2 protein chains.
Amino acid sequence: MKIVCYKDKILKAINSVVKGVASKTTMPILEGILIQTNDNEIKLTTYDLEIGIEYIMECDVKEQGSTVVNAIMFSEIIRKLPDTEIYITLNDKNLLEIECEGSLYKLATMNPEEFPELPKIEIENSIELEQNVLKNMIRKTIFAVSSEENRPIFTGCLFEIQKNKLNVVAVDGFRLALRSIFLNKQTNDFSAVIPGKTLNEVNKILLDSFEPIKIGVSKNQALFEMDNCKIVTRVLDGEFLNYKNVIPENWETRVKVNKNNLQNSFERISLISASSVEKEKKYPVKVKVDIGKVVISCTNQTGEAKEELFVSTEGKNLEAGFNPKYFLDSLKSIDDEDVYVEFGTSISPCLIKSIENKDYVYMILPIRLKED
Amino acid sequence: MKIVCYKDKILKAINSVVKGVASKTTMPILEGILIQTNDNEIKLTTYDLEIGIEYIMECDVKEQGSTVVNAIMFSEIIRKLPDTEIYITLNDKNLLEIECEGSLYKLATMNPEEFPELPKIEIENSIELEQNVLKNMIRKTIFAVSSEENRPIFTGCLFEIQKNKLNVVAVDGFRLALRSIFLNKQTNDFSAVIPGKTLNEVNKILLDSFEPIKIGVSKNQALFEMDNCKIVTRVLDGEFLNYKNVIPENWETRVKVNKNNLQNSFERISLISASSVEKEKKYPVKVKVDIGKVVISCTNQTGEAKEELFVSTEGKNLEAGFNPKYFLDSLKSIDDEDVYVEFGTSISPCLIKSIENKDYVYMILPIRLKED
């Protein structure tokens, strides 16, 4: 194998696939990048047995061939070479020679035949989005994914296509994040739960651009397909929460509040609530709604905190306890100037909603307040 | 105690003193900031029994008094408050009330009388520099300070004033860094070894500006004095290396090389040399000087690396082994386009020197090469 390519081009390819490299593995081949030539193209592949990434690029192939090289070492060397042509050759001692101006590196390689094959996918359903749109939807829901492995289905995000609308839902037992968007094209209804870990990697590869990305699903797999780059992942098996049934439709108390002001108040009060030596959960912050104002307060060994916000309120007065982290995560992911915060009773979930449209709903379960 | 001040002003004061707060201590008072009023000024003090920092600022003092409050908690709350006036009051329950718009925080305080007093210094000798100059000299030597506590004197930098010149020297047994600068004013000869840890903190407080800083020393202490801010530190006791005697005056081989090219070559080759599973020290890189070129190479289980640089050479051919990290640290701290690299034999120290003046010398000891 012998190829010639420009540094910036191959570095872009490596950067895309390197996210699929296994980090803690007993199989060294999974720490490698499979390099395969095909006429005047090369294909780079990584696969950690959960996520597989393929990247195809044109380059000057002098001699066909294939090899596997340690991904980190290969990418670090390429990254530090000058911005010019690089000659990459598999020599007769099975060392990968990387040559560029006065630099010559020879890296040990592994047998490409031992590299595991990526699963083949027969796509049953698919949608197409702009990359920046998908990136945005992932970023604004993924924080609510569960990290507890005892209910694996909740370690992923539900992608639900229904009536030409894409709903992305994450839920961890204490809160729920829902983002929705209308699709341009007529599409079949279908759904799949994509592992949070995959979405994190997909998110890193996605560009903040209008370039398209296709999401296709089969029974057990999903495929993210961009220009040059494909990501294959398993989908999670099991019954996702019937989320529509758990989001309350009516409120008893509703507050219209400046998003940044509310976020800043929760950020400050977290300094006190999170500093407690005992578990945060035992010291919720108290949210009190009175006519025309919201008071958020917290008391523990570190001190006392009180935040008063003048807002417009509707409905009953209310007092309820919450983990401020859940409010913060949701508020940080909202770009609107104002939001609605809706409450039922002091033991029913609280919703954060868009004023103008139905793009998002964040739901947060309350924590019972201790009697003072 | 009751004061009123603007957020940005008190935050600047807190940011300066917070670097003197003890991080791992069994004495909670050392995690605090001592706040003392004095007419229409407040003084903030922190002291971890090694470094003490004092900052004086004008503010609207409504009621005189003093207290000690946890530094991290106080600084985090102030940092997150809006950019406006803040009311800070010690209430009759000894809680420090911080009030700003709709926010009210009450923090536990400690007894100011239990706060240890900073050592008094009777300055015997002093110099004055611009802050950016001192910042620069610290940054360009401190990496060579020893981290080994068995020879405490080498965990500091020597500040030596001799013939109106300031020499700052760091040495760790494997390499030496020396930076020199001429002083504007006539000054007595004197010297002191300042702990590296102090210099790190001083460096963070120093501005990249022409503002003056005065360095004063007594027998056991040193004082860094800026506008509003004073830093007191102990000096290290013991005999520093007579560094002038160990720096070779003559060379057998001299190379004039582009600093960036040499640095890039060492950076790349470090990827191979540092990746060895065995200790780096056993796999030095080999530096070979031939007429008109330098070849740096390294071989281990990960692979082989060779870097060839075309340079102007004088004197004998040479082959010697080095730890590339020491070259990198030194080269990174040099702003010149070209440097001299001087060698004696393969077992004598190598020097990196300025072409144009005598501002700096970096000395690196070789590592014996294994016979191949």
# chains A, B, ... in the order shown; residues from 1 in each chain; ligands from 1
$ closest_atom_pairs --of "chain B" --to "chain A" --cutoff "6 Å" --atoms "only C-alpha atoms" --output "tab-separated table"
residue	atom	partner	partner_atom	distance
B:Gly102	CA	A:Glu308	CA	4.7
B:Ser103	CA	A:Glu307	CA	4.5
B:Leu104	CA	A:Lys306	CA	5.1
B:Tyr105	CA	A:Ala305	CA	4.4
B:Lys106	CA	A:Glu304	CA	4.9
B:Leu107	CA	A:Gly303	CA	4.5
B:Ala108	CA	A:Gly303	CA	5.7
B:Gly303	CA	A:Leu107	CA	4.5
B:Glu304	CA	A:Lys106	CA	4.9
B:Ala305	CA	A:Tyr105	CA	4.4
B:Lys306	CA	A:Leu104	CA	5.1
B:Glu307	CA	A:Ser103	CA	4.5
B:Glu308	CA	A:Gly102	CA	4.7
$ write_last_selection --atoms "C-alpha atoms" --output "PDB file, in the first residue's frame"
ATOM      1  CA  GLY B 102     -33.025  40.253  44.502  1.00  0.00           C
ATOM      2  CA  SER B 103     -30.275  38.023  45.932  1.00  0.00           C
ATOM      3  CA  LEU B 104     -29.479  37.573  49.611  1.00  0.00           C
ATOM      4  CA  TYR B 105     -26.787  35.157  50.826  1.00  0.00           C
ATOM      5  CA  LYS B 106     -25.771  34.538  54.422  1.00  0.00           C
ATOM      6  CA  LEU B 107     -22.485  32.767  55.021  1.00  0.00           C
ATOM      7  CA  ALA B 108     -21.028  31.350  58.215  1.00  0.00           C
ATOM      8  CA  GLY B 303       8.125   2.232  15.985  1.00  0.00           C
ATOM      9  CA  GLU B 304      10.947   4.275  14.576  1.00  0.00           C
ATOM     10  CA  ALA B 305      11.271   7.997  14.060  1.00  0.00           C
ATOM     11  CA  LYS B 306      13.789  10.110  12.208  1.00  0.00           C
ATOM     12  CA  GLU B 307      13.865  13.884  11.857  1.00  0.00           C
ATOM     13  CA  GLU B 308      16.369  15.536   9.529  1.00  0.00           C
TER      14      GLU B 308
END
$ residues_around --residues "B:Thr313" --least-positions-apart "3" --cutoff "9 Å" --atoms "only C-alpha atoms" --output "list in words"
Thr253, Arg254, Val255, Lys256, Val257, Val289, Asp290, Ile291, Gly292, Lys293, Val294, Lys316 and Asn317 of chain B
$ write_last_selection --atoms "N, CA and C atoms" --output "compact mmCIF listing (two decimals), in the first residue's frame"
# COMPACT_ATOMS: atom_id res chain seq x y z
N THR B 253 31.15 21.50 19.01
CA THR B 253 30.22 21.42 17.88
C THR B 253 29.17 22.50 18.10
N ARG B 254 28.92 23.31 17.08
CA ARG B 254 27.88 24.31 17.24
C ARG B 254 26.95 24.31 16.03
N VAL B 255 25.63 24.40 16.33
CA VAL B 255 24.61 24.37 15.29
C VAL B 255 23.81 25.65 15.39
N LYS B 256 23.54 26.29 14.26
CA LYS B 256 22.61 27.42 14.25
C LYS B 256 21.34 26.92 13.58
N VAL B 257 20.23 26.98 14.30
CA VAL B 257 19.04 26.30 13.80
C VAL B 257 17.80 27.15 14.03
N VAL B 289 24.97 15.21 14.79
CA VAL B 289 25.33 16.39 14.00
C VAL B 289 26.36 15.99 12.96
N ASP B 290 26.03 16.26 11.70
CA ASP B 290 26.92 16.02 10.57
C ASP B 290 27.11 17.36 9.88
N ILE B 291 28.03 17.44 8.96
CA ILE B 291 28.21 18.72 8.28
C ILE B 291 26.90 19.14 7.60
N GLY B 292 26.36 20.27 8.01
CA GLY B 292 25.18 20.82 7.35
C GLY B 292 23.85 20.23 7.79
N LYS B 293 23.87 19.24 8.68
CA LYS B 293 22.56 18.72 9.10
C LYS B 293 22.56 18.13 10.51
N VAL B 294 21.37 18.11 11.08
CA VAL B 294 21.14 17.44 12.36
C VAL B 294 20.10 16.35 12.13
N LYS B 316 33.17 19.86 15.16
CA LYS B 316 33.21 18.40 14.93
C LYS B 316 31.83 17.80 14.70
N ASN B 317 31.81 16.61 14.11
CA ASN B 317 30.58 15.80 14.09
C ASN B 317 30.33 15.27 15.50
$ residues_around --residues "B:Ile181" --least-positions-apart "3" --cutoff "10 Å" --atoms "only C-alpha atoms" --output "ChimeraX atom specification"
/B:133-134,137,161,164-168,184,358-360
$ residues_around --residues "stretch 15-29 of chain A" --least-positions-apart "2" --cutoff "8 Å" --atoms "only C-alpha atoms" --output "PDB file with N, CA and C atoms, in the first residue's frame"
ATOM      1  N   LEU A  11      -6.066  14.488   7.814  1.00  0.00           N
ATOM      2  CA  LEU A  11      -6.295  14.780   9.231  1.00  0.00           C
ATOM      3  C   LEU A  11      -7.790  14.908   9.506  1.00  0.00           C
ATOM      4  N   LYS A  12      -8.512  15.545   8.573  1.00  0.00           N
ATOM      5  CA  LYS A  12      -9.967  15.664   8.717  1.00  0.00           C
ATOM      6  C   LYS A  12     -10.606  14.270   8.762  1.00  0.00           C
ATOM      7  N   ALA A  13     -10.135  13.392   7.888  1.00  0.00           N
ATOM      8  CA  ALA A  13     -10.660  12.022   7.843  1.00  0.00           C
ATOM      9  C   ALA A  13     -10.362  11.291   9.160  1.00  0.00           C
ATOM     10  N   GLU A  31      -8.150  -0.605  18.890  1.00  0.00           N
ATOM     11  CA  GLU A  31      -7.516   0.710  19.073  1.00  0.00           C
ATOM     12  C   GLU A  31      -6.929   1.221  17.760  1.00  0.00           C
ATOM     13  N   GLY A  32      -7.182   0.468  16.696  1.00  0.00           N
ATOM     14  CA  GLY A  32      -6.571   0.809  15.417  1.00  0.00           C
ATOM     15  C   GLY A  32      -7.537   1.447  14.440  1.00  0.00           C
ATOM     16  N   ILE A  33      -6.949   2.040  13.398  1.00  0.00           N
ATOM     17  CA  ILE A  33      -7.714   2.494  12.238  1.00  0.00           C
ATOM     18  C   ILE A  33      -7.412   1.525  11.110  1.00  0.00           C
ATOM     19  N   LEU A  44     -11.145   4.878   5.691  1.00  0.00           N
ATOM     20  CA  LEU A  44     -10.681   4.692   7.070  1.00  0.00           C
ATOM     21  C   LEU A  44     -11.856   4.158   7.890  1.00  0.00           C
ATOM     22  N   THR A  45     -11.610   3.157   8.711  1.00  0.00           N
ATOM     23  CA  THR A  45     -12.688   2.559   9.517  1.00  0.00           C
ATOM     24  C   THR A  45     -12.223   2.364  10.955  1.00  0.00           C
ATOM     25  N   THR A  46     -13.102   2.716  11.901  1.00  0.00           N
ATOM     26  CA  THR A  46     -12.870   2.356  13.300  1.00  0.00           C
ATOM     27  C   THR A  46     -14.141   1.705  13.823  1.00  0.00           C
ATOM     28  N   TYR A  47     -14.008   0.856  14.825  1.00  0.00           N
ATOM     29  CA  TYR A  47     -15.182   0.111  15.313  1.00  0.00           C
ATOM     30  C   TYR A  47     -14.880  -0.387  16.716  1.00  0.00           C
ATOM     31  N   ASP A  48     -15.662   0.084  17.692  1.00  0.00           N
ATOM     32  CA  ASP A  48     -15.437  -0.405  19.056  1.00  0.00           C
ATOM     33  C   ASP A  48     -16.479  -1.452  19.455  1.00  0.00           C
ATOM     34  N   ILE A  51     -20.041   1.339  18.212  1.00  0.00           N
ATOM     35  CA  ILE A  51     -20.123   2.368  17.184  1.00  0.00           C
ATOM     36  C   ILE A  51     -19.058   2.075  16.144  1.00  0.00           C
ATOM     37  N   GLY A  52     -19.448   2.110  14.891  1.00  0.00           N
ATOM     38  CA  GLY A  52     -18.480   1.957  13.810  1.00  0.00           C
ATOM     39  C   GLY A  52     -18.514   3.196  12.944  1.00  0.00           C
ATOM     40  N   ILE A  53     -17.342   3.700  12.555  1.00  0.00           N
ATOM     41  CA  ILE A  53     -17.296   4.896  11.714  1.00  0.00           C
ATOM     42  C   ILE A  53     -16.449   4.615  10.480  1.00  0.00           C
ATOM     43  N   GLU A  54     -16.977   5.037   9.336  1.00  0.00           N
ATOM     44  CA  GLU A  54     -16.270   4.873   8.064  1.00  0.00           C
ATOM     45  C   GLU A  54     -16.115   6.224   7.405  1.00  0.00           C
ATOM     46  N   TYR A  55     -14.961   6.490   6.839  1.00  0.00           N
ATOM     47  CA  TYR A  55     -14.754   7.761   6.134  1.00  0.00           C
ATOM     48  C   TYR A  55     -14.041   7.442   4.828  1.00  0.00           C
ATOM     49  N   VAL A  68      -3.796  -1.992   9.396  1.00  0.00           N
ATOM     50  CA  VAL A  68      -4.393  -1.409  10.600  1.00  0.00           C
ATOM     51  C   VAL A  68      -3.269  -0.805  11.437  1.00  0.00           C
ATOM     52  N   ASN A  70      -2.256   1.807  14.936  1.00  0.00           N
ATOM     53  CA  ASN A  70      -2.781   2.410  16.173  1.00  0.00           C
ATOM     54  C   ASN A  70      -3.290   3.823  15.901  1.00  0.00           C
ATOM     55  N   ALA A  71      -4.559   4.059  16.248  1.00  0.00           N
ATOM     56  CA  ALA A  71      -5.233   5.296  15.856  1.00  0.00           C
ATOM     57  C   ALA A  71      -4.621   6.527  16.515  1.00  0.00           C
ATOM     58  N   ILE A  72      -4.336   6.439  17.797  1.00  0.00           N
ATOM     59  CA  ILE A  72      -3.829   7.607  18.521  1.00  0.00           C
ATOM     60  C   ILE A  72      -2.461   8.005  17.981  1.00  0.00           C
ATOM     61  N   SER A  75      -2.733   9.393  14.409  1.00  0.00           N
ATOM     62  CA  SER A  75      -3.349  10.723  14.320  1.00  0.00           C
ATOM     63  C   SER A  75      -2.441  11.784  14.928  1.00  0.00           C
ATOM     64  N   MET A 110      -1.067  -3.822  12.324  1.00  0.00           N
ATOM     65  CA  MET A 110      -1.767  -5.063  12.661  1.00  0.00           C
ATOM     66  C   MET A 110      -2.414  -5.614  11.397  1.00  0.00           C
ATOM     67  N   GLU A 114      -7.888  -9.204  10.623  1.00  0.00           N
ATOM     68  CA  GLU A 114      -8.405  -9.429  11.977  1.00  0.00           C
ATOM     69  C   GLU A 114      -9.330  -8.309  12.438  1.00  0.00           C
ATOM     70  N   PHE A 115      -9.453  -7.269  11.620  1.00  0.00           N
ATOM     71  CA  PHE A 115     -10.322  -6.155  12.008  1.00  0.00           C
ATOM     72  C   PHE A 115     -11.784  -6.591  11.865  1.00  0.00           C
ATOM     73  N   GLU A 201     -20.864  11.013  20.275  1.00  0.00           N
ATOM     74  CA  GLU A 201     -19.846  10.938  19.223  1.00  0.00           C
ATOM     75  C   GLU A 201     -20.367  11.562  17.932  1.00  0.00           C
ATOM     76  N   ILE A 205     -18.956  14.883  15.541  1.00  0.00           N
ATOM     77  CA  ILE A 205     -18.614  14.822  14.118  1.00  0.00           C
ATOM     78  C   ILE A 205     -19.474  15.787  13.305  1.00  0.00           C
ATOM     79  N   CYS A 229     -18.860  10.236   5.185  1.00  0.00           N
ATOM     80  CA  CYS A 229     -18.737   9.620   6.509  1.00  0.00           C
ATOM     81  C   CYS A 229     -20.011   8.885   6.900  1.00  0.00           C
TER      82      CYS A 229
END
$ residues_around --residues "stretch 339-353 of chain A" --least-positions-apart "5" --cutoff "8 Å" --atoms "only C-alpha atoms" --output "mmCIF file with N, CA and C atoms, in the first residue's frame"
data_model
loop_
_atom_site.group_PDB
_atom_site.id
_atom_site.type_symbol
_atom_site.label_atom_id
_atom_site.label_comp_id
_atom_site.auth_asym_id
_atom_site.auth_seq_id
_atom_site.Cartn_x
_atom_site.Cartn_y
_atom_site.Cartn_z
ATOM 1 N N PRO A 248 -47.956 16.439 32.274
ATOM 2 C CA PRO A 248 -49.266 16.993 32.620
ATOM 3 C C PRO A 248 -49.747 17.983 31.560
ATOM 4 N N ASN A 250 -52.418 20.202 32.201
ATOM 5 C CA ASN A 250 -52.956 21.406 32.837
ATOM 6 C C ASN A 250 -52.059 21.883 33.964
ATOM 7 N N TRP A 251 -52.159 23.158 34.280
ATOM 8 C CA TRP A 251 -51.369 23.705 35.376
ATOM 9 C C TRP A 251 -52.286 24.391 36.377
ATOM 10 N N GLU A 252 -51.792 24.507 37.587
ATOM 11 C CA GLU A 252 -52.500 25.250 38.640
ATOM 12 C C GLU A 252 -51.842 26.616 38.837
ATOM 13 N N THR A 253 -50.533 26.648 38.563
ATOM 14 C CA THR A 253 -49.740 27.870 38.767
ATOM 15 C C THR A 253 -48.850 28.028 37.545
ATOM 16 N N ARG A 254 -48.846 29.223 36.953
ATOM 17 C CA ARG A 254 -47.958 29.419 35.808
ATOM 18 C C ARG A 254 -47.203 30.729 35.962
ATOM 19 N N VAL A 255 -45.913 30.675 35.653
ATOM 20 C CA VAL A 255 -45.036 31.837 35.791
ATOM 21 C C VAL A 255 -44.426 32.127 34.424
ATOM 22 N N LYS A 256 -44.407 33.386 34.033
ATOM 23 C CA LYS A 256 -43.674 33.774 32.817
ATOM 24 C C LYS A 256 -42.438 34.520 33.286
ATOM 25 N N VAL A 257 -41.268 34.018 32.950
ATOM 26 C CA VAL A 257 -40.048 34.545 33.565
ATOM 27 C C VAL A 257 -38.932 34.684 32.540
ATOM 28 N N ASN A 258 -38.076 35.674 32.761
ATOM 29 C CA ASN A 258 -36.897 35.849 31.917
ATOM 30 C C ASN A 258 -35.959 34.664 32.138
ATOM 31 N N LYS A 259 -35.634 33.973 31.066
ATOM 32 C CA LYS A 259 -34.864 32.733 31.145
ATOM 33 C C LYS A 259 -33.509 32.956 31.814
ATOM 34 N N LEU A 318 -47.894 28.760 45.416
ATOM 35 C CA LEU A 318 -47.361 27.398 45.459
ATOM 36 C C LEU A 318 -46.004 27.361 46.162
ATOM 37 N N GLU A 319 -45.703 26.230 46.787
ATOM 38 C CA GLU A 319 -44.396 25.999 47.375
ATOM 39 C C GLU A 319 -43.988 24.574 47.029
ATOM 40 N N ALA A 320 -42.794 24.404 46.450
ATOM 41 C CA ALA A 320 -42.349 23.044 46.117
ATOM 42 C C ALA A 320 -40.829 22.991 46.165
ATOM 43 N N GLY A 321 -40.296 21.780 46.334
ATOM 44 C CA GLY A 321 -38.840 21.599 46.413
ATOM 45 C C GLY A 321 -38.299 20.991 45.131
ATOM 46 N N SER A 330 -31.775 22.266 32.057
ATOM 47 C CA SER A 330 -32.824 22.595 31.086
ATOM 48 C C SER A 330 -32.700 24.040 30.620
ATOM 49 N N LYS A 358 -44.320 25.015 20.347
ATOM 50 C CA LYS A 358 -44.255 23.781 21.134
ATOM 51 C C LYS A 358 -42.967 23.017 20.848
ATOM 52 N N TYR A 360 -40.321 22.659 22.605
ATOM 53 C CA TYR A 360 -39.700 21.913 23.695
ATOM 54 C C TYR A 360 -40.566 21.892 24.947
ATOM 55 N N VAL A 361 -40.396 20.826 25.717
ATOM 56 C CA VAL A 361 -40.940 20.720 27.076
ATOM 57 C C VAL A 361 -39.862 20.062 27.924
ATOM 58 N N TYR A 362 -39.531 20.681 29.044
ATOM 59 C CA TYR A 362 -38.669 20.030 30.026
ATOM 60 C C TYR A 362 -39.526 19.769 31.258
ATOM 61 N N MET A 363 -39.453 18.542 31.778
ATOM 62 C CA MET A 363 -40.257 18.198 32.942
ATOM 63 C C MET A 363 -39.320 17.825 34.089
ATOM 64 N N ILE A 364 -39.608 18.347 35.272
ATOM 65 C CA ILE A 364 -38.743 18.092 36.431
ATOM 66 C C ILE A 364 -39.609 17.611 37.586
ATOM 67 N N LEU A 365 -39.237 16.484 38.183
ATOM 68 C CA LEU A 365 -40.009 15.994 39.326
ATOM 69 C C LEU A 365 -39.585 16.751 40.581
ATOM 70 N N PRO A 366 -40.548 17.019 41.479
ATOM 71 C CA PRO A 366 -40.216 17.742 42.705
ATOM 72 C C PRO A 366 -39.589 16.814 43.747
ATOM 73 N N ILE A 367 -39.003 17.412 44.764
ATOM 74 C CA ILE A 367 -38.480 16.671 45.923
ATOM 75 C C ILE A 367 -39.294 17.151 47.116
ATOM 76 N N ARG A 368 -39.717 16.191 47.935
ATOM 77 C CA ARG A 368 -40.539 16.593 49.075
ATOM 78 C C ARG A 368 -39.704 17.476 50.014
#
$ select_by_dssp --residues "stretch 176-291 of chain A" --states "helix (DSSP H, G or I)" --output "PyMOL selection string"
chain A and resi 196-205+243-246+259-273+280-282
$ closest_residue --among "A:Asn200, A:Asn260, A:Ser312, A:Gln162" --to "A:Arg139" --atoms "only C-alpha atoms"
A:Asn200
$ select_by_dssp --residues "stretch 115-345 of chain A" --states "strand (DSSP E or B)" --output "ChimeraX atom specification"
/A:125-130,156-162,165-171,175-182,190-195,212-217,221-226,229-234,253-258,285-290,293-300,303-310,312-315,318-322,338-343
$ atom_distance --atom1 "atom CA of B:Leu90" --atom2 "atom CA of B:Met1"
5.2 Å
$ atom_distance --atom1 "atom CA of B:Ser126" --atom2 "atom CA of B:Asn188"
8.3 Å
$ residues_around --residues "A:Ile153" --least-positions-apart "2" --cutoff "6 Å" --atoms "only C-alpha atoms" --output "PyMOL selection string"
chain A and resi 151+155+236
$ atom_distance --atom1 "atom CA of A:Lys197" --atom2 "atom CA of A:Gly156"
7.8 Å
$ decode --residues "stretch 202-225 of chain B" --atoms "C-alpha atoms" --output "PDB file, in the first residue's frame"
ATOM      1  CA  VAL B 202       2.967  35.556  41.796  1.00  0.00           C
ATOM      2  CA  ASN B 203       2.906  34.824  38.079  1.00  0.00           C
ATOM      3  CA  LYS B 204      -0.881  34.443  38.111  1.00  0.00           C
ATOM      4  CA  ILE B 205      -1.319  37.778  39.864  1.00  0.00           C
ATOM      5  CA  LEU B 206       1.159  39.725  37.705  1.00  0.00           C
ATOM      6  CA  LEU B 207      -0.283  41.731  34.838  1.00  0.00           C
ATOM      7  CA  ASP B 208       1.061  41.790  31.299  1.00  0.00           C
ATOM      8  CA  SER B 209       1.682  45.489  31.803  1.00  0.00           C
ATOM      9  CA  PHE B 210       4.397  48.050  32.452  1.00  0.00           C
ATOM     10  CA  GLU B 211       3.087  48.592  36.005  1.00  0.00           C
ATOM     11  CA  PRO B 212       5.935  48.319  38.516  1.00  0.00           C
ATOM     12  CA  ILE B 213       6.547  45.525  41.005  1.00  0.00           C
ATOM     13  CA  LYS B 214       9.038  45.788  43.842  1.00  0.00           C
ATOM     14  CA  ILE B 215      10.814  42.693  45.102  1.00  0.00           C
ATOM     15  CA  GLY B 216      12.257  43.139  48.598  1.00  0.00           C
ATOM     16  CA  VAL B 217      14.116  40.546  50.630  1.00  0.00           C
ATOM     17  CA  SER B 218      15.056  40.123  54.261  1.00  0.00           C
ATOM     18  CA  LYS B 219      16.992  37.216  55.729  1.00  0.00           C
ATOM     19  CA  ASN B 220      14.069  34.766  55.772  1.00  0.00           C
ATOM     20  CA  GLN B 221      11.354  36.405  53.749  1.00  0.00           C
ATOM     21  CA  ALA B 222      10.680  38.031  50.423  1.00  0.00           C
ATOM     22  CA  LEU B 223       8.031  40.580  49.558  1.00  0.00           C
ATOM     23  CA  PHE B 224       6.430  41.259  46.163  1.00  0.00           C
ATOM     24  CA  GLU B 225       4.761  44.630  46.235  1.00  0.00           C
TER      25      GLU B 225
END
